Amino acid sequence: MSPSRRDLLTSLSPGLLAVAGCISSVQHTQTRLGEIVLLNMDDRTHTVRVEVQSSGETLFDTSKEIPPSNEEQPLITPEDGLPTDLRKYTVSATLDGGDDSITRTYPTNGGDCYSVTVRVGTDGRFRDMPSESGFEGCGR
């Protein structure tokens with residue numbers, strides 16, 4: 001007696017799900033950086049050093065002055081040298097020569113293009129480094 005189509009599909013399902021899960025996790029181990037927004041919510045100017053690394057190699061390193069919140073805030077893009085290859089990236093920021101620092105690795109929860117915001121709070125310290133994983137600013 002030959003197996004029915006239903007029996008055949010049922011026996012294949014766990015294997016197909018395992019393969020699909022592996023493919024899904026591989027797709028989210030690399031991403032692109034579309035921009036890094038430097039946002040100062042303080043009323044004093046701060047200097048932020050931004051480093052982007054991948055596999056322990058520094059790919060981008062710059063220092064920018066961020067004016068008080070009522071002025072235009074700096075934006076770092078690929079035109080400034082931000083790397084655009086599909087990779088796993090670690091973004092680190094250091095405030096005012098070492099007073100405070102923050103580091104995050106991307107991708108976090110998938111997404112093929114990230115907009116990362118380095119945010120200085122009203123107290124003159126890093127608040128957080130939020131990101132948007134569905135940023136549409138990466139060139140294809």
# chains A, B, ... in the order shown; residues from 1 in each chain; ligands from 1
>>> residues_around(residues="Leu75 of chain A", least_positions_apart="2", cutoff="7 Å", atoms="only C-alpha atoms", output="list in words")
Glu35, Ile36, Val37, Leu38, Gln73 and Thr77 of chain A
>>> write_last_selection(atoms="N, CA and C atoms", output="CSV table (one decimal), in the first residue's frame")
chain,number,residue,atom,x,y,z
A,35,GLU,N,21.5,55.3,7.7
A,35,GLU,CA,21.9,56.6,8.3
A,35,GLU,C,22.1,56.5,9.8
A,36,ILE,N,22.8,57.4,10.4
A,36,ILE,CA,22.9,57.6,11.8
A,36,ILE,C,22.5,59.0,12.1
A,37,VAL,N,21.5,59.2,12.9
A,37,VAL,CA,21.0,60.5,13.3
A,37,VAL,C,21.6,60.8,14.6
A,38,LEU,N,22.2,62.0,14.8
A,38,LEU,CA,22.7,62.5,16.0
A,38,LEU,C,21.7,63.5,16.6
A,73,GLN,N,20.1,69.2,13.6
A,73,GLN,CA,20.9,68.1,14.2
A,73,GLN,C,21.6,67.4,13.0
A,77,THR,N,25.4,59.8,6.7
A,77,THR,CA,24.9,59.0,5.6
A,77,THR,C,26.0,58.3,4.9
>>> select_by_dssp(residues="segment 9-122 of chain A", states="strand (DSSP E or B)", output="NGL selection string")
:A and (31 or 33-40 or 46-54 or 57-66 or 75-76 or 87 or 89-95 or 100-106 or 113-120)
>>> residues_around(residues="segment 90-98 of chain A", least_positions_apart="3", cutoff="8 Å", atoms="only C-alpha atoms", output="count of residues only")
18
>>> residues_around(residues="Thr84 of chain A", least_positions_apart="4", cutoff="8 Å", atoms="only C-alpha atoms", output="ChimeraX atom specification")
/A:32-34,78,138
>>> write_last_selection(atoms="N, CA and C atoms", output="PDB file, in the first residue's frame")
ATOM      1  N   ARG A  32      22.072  46.504   6.451  1.00  0.00           N
ATOM      2  CA  ARG A  32      22.747  47.704   5.966  1.00  0.00           C
ATOM      3  C   ARG A  32      22.427  48.848   6.920  1.00  0.00           C
ATOM      4  N   LEU A  33      23.317  49.833   6.969  1.00  0.00           N
ATOM      5  CA  LEU A  33      23.054  51.055   7.721  1.00  0.00           C
ATOM      6  C   LEU A  33      22.730  52.152   6.705  1.00  0.00           C
ATOM      7  N   GLY A  34      21.551  52.715   6.829  1.00  0.00           N
ATOM      8  CA  GLY A  34      21.139  53.773   5.907  1.00  0.00           C
ATOM      9  C   GLY A  34      21.526  55.153   6.391  1.00  0.00           C
ATOM     10  N   PRO A  78      25.702  57.417   3.937  1.00  0.00           N
ATOM     11  CA  PRO A  78      26.761  56.823   3.116  1.00  0.00           C
ATOM     12  C   PRO A  78      27.610  57.870   2.382  1.00  0.00           C
ATOM     13  N   CYS A 138      18.226  52.861   2.208  1.00  0.00           N
ATOM     14  CA  CYS A 138      19.367  52.099   1.686  1.00  0.00           C
ATOM     15  C   CYS A 138      19.205  51.911   0.190  1.00  0.00           C
TER      16      CYS A 138
END
>>> closest_residue(among="A:Thr108, A:Ser115, A:Ser133, A:Gln30", to="Ser55 of chain A", atoms="only C-alpha atoms")
A:Gln30
>>> residues_around(residues="Gly81 of chain A", least_positions_apart="4", cutoff="10 Å", atoms="only C-alpha atoms", output="ChimeraX atom specification")
/A:59-62,76-77
>>> residues_around(residues="Pro107 of chain A", least_positions_apart="2", cutoff="9 Å", atoms="only C-alpha atoms", output="MDAnalysis selection string")
chainID A and resid 28:32 87:89 105 109:114 133
>>> atom_distance(atom1="atom CA of Met129 of chain A", atom2="atom CA of Leu82 of chain A")
16.9 Å
>>> closest_residue(among="A:Asp80, A:Asp42, A:Asp85, A:Glu71", to="Arg127 of chain A", atoms="only C-alpha atoms")
A:Asp42
>>> residues_around(residues="Ser69 of chain A", least_positions_apart="4", cutoff="10 Å", atoms="only C-alpha atoms", output="NGL selection string")
:A and (39-45 or 73 or 120-122)
>>> atom_distance(atom1="atom CA of Pro83 of chain A", atom2="atom CA of Val116 of chain A")
13.3 Å
>>> atom_distance(atom1="atom CA of Glu65 of chain A", atom2="atom CA of Asp123 of chain A")
16.8 Å
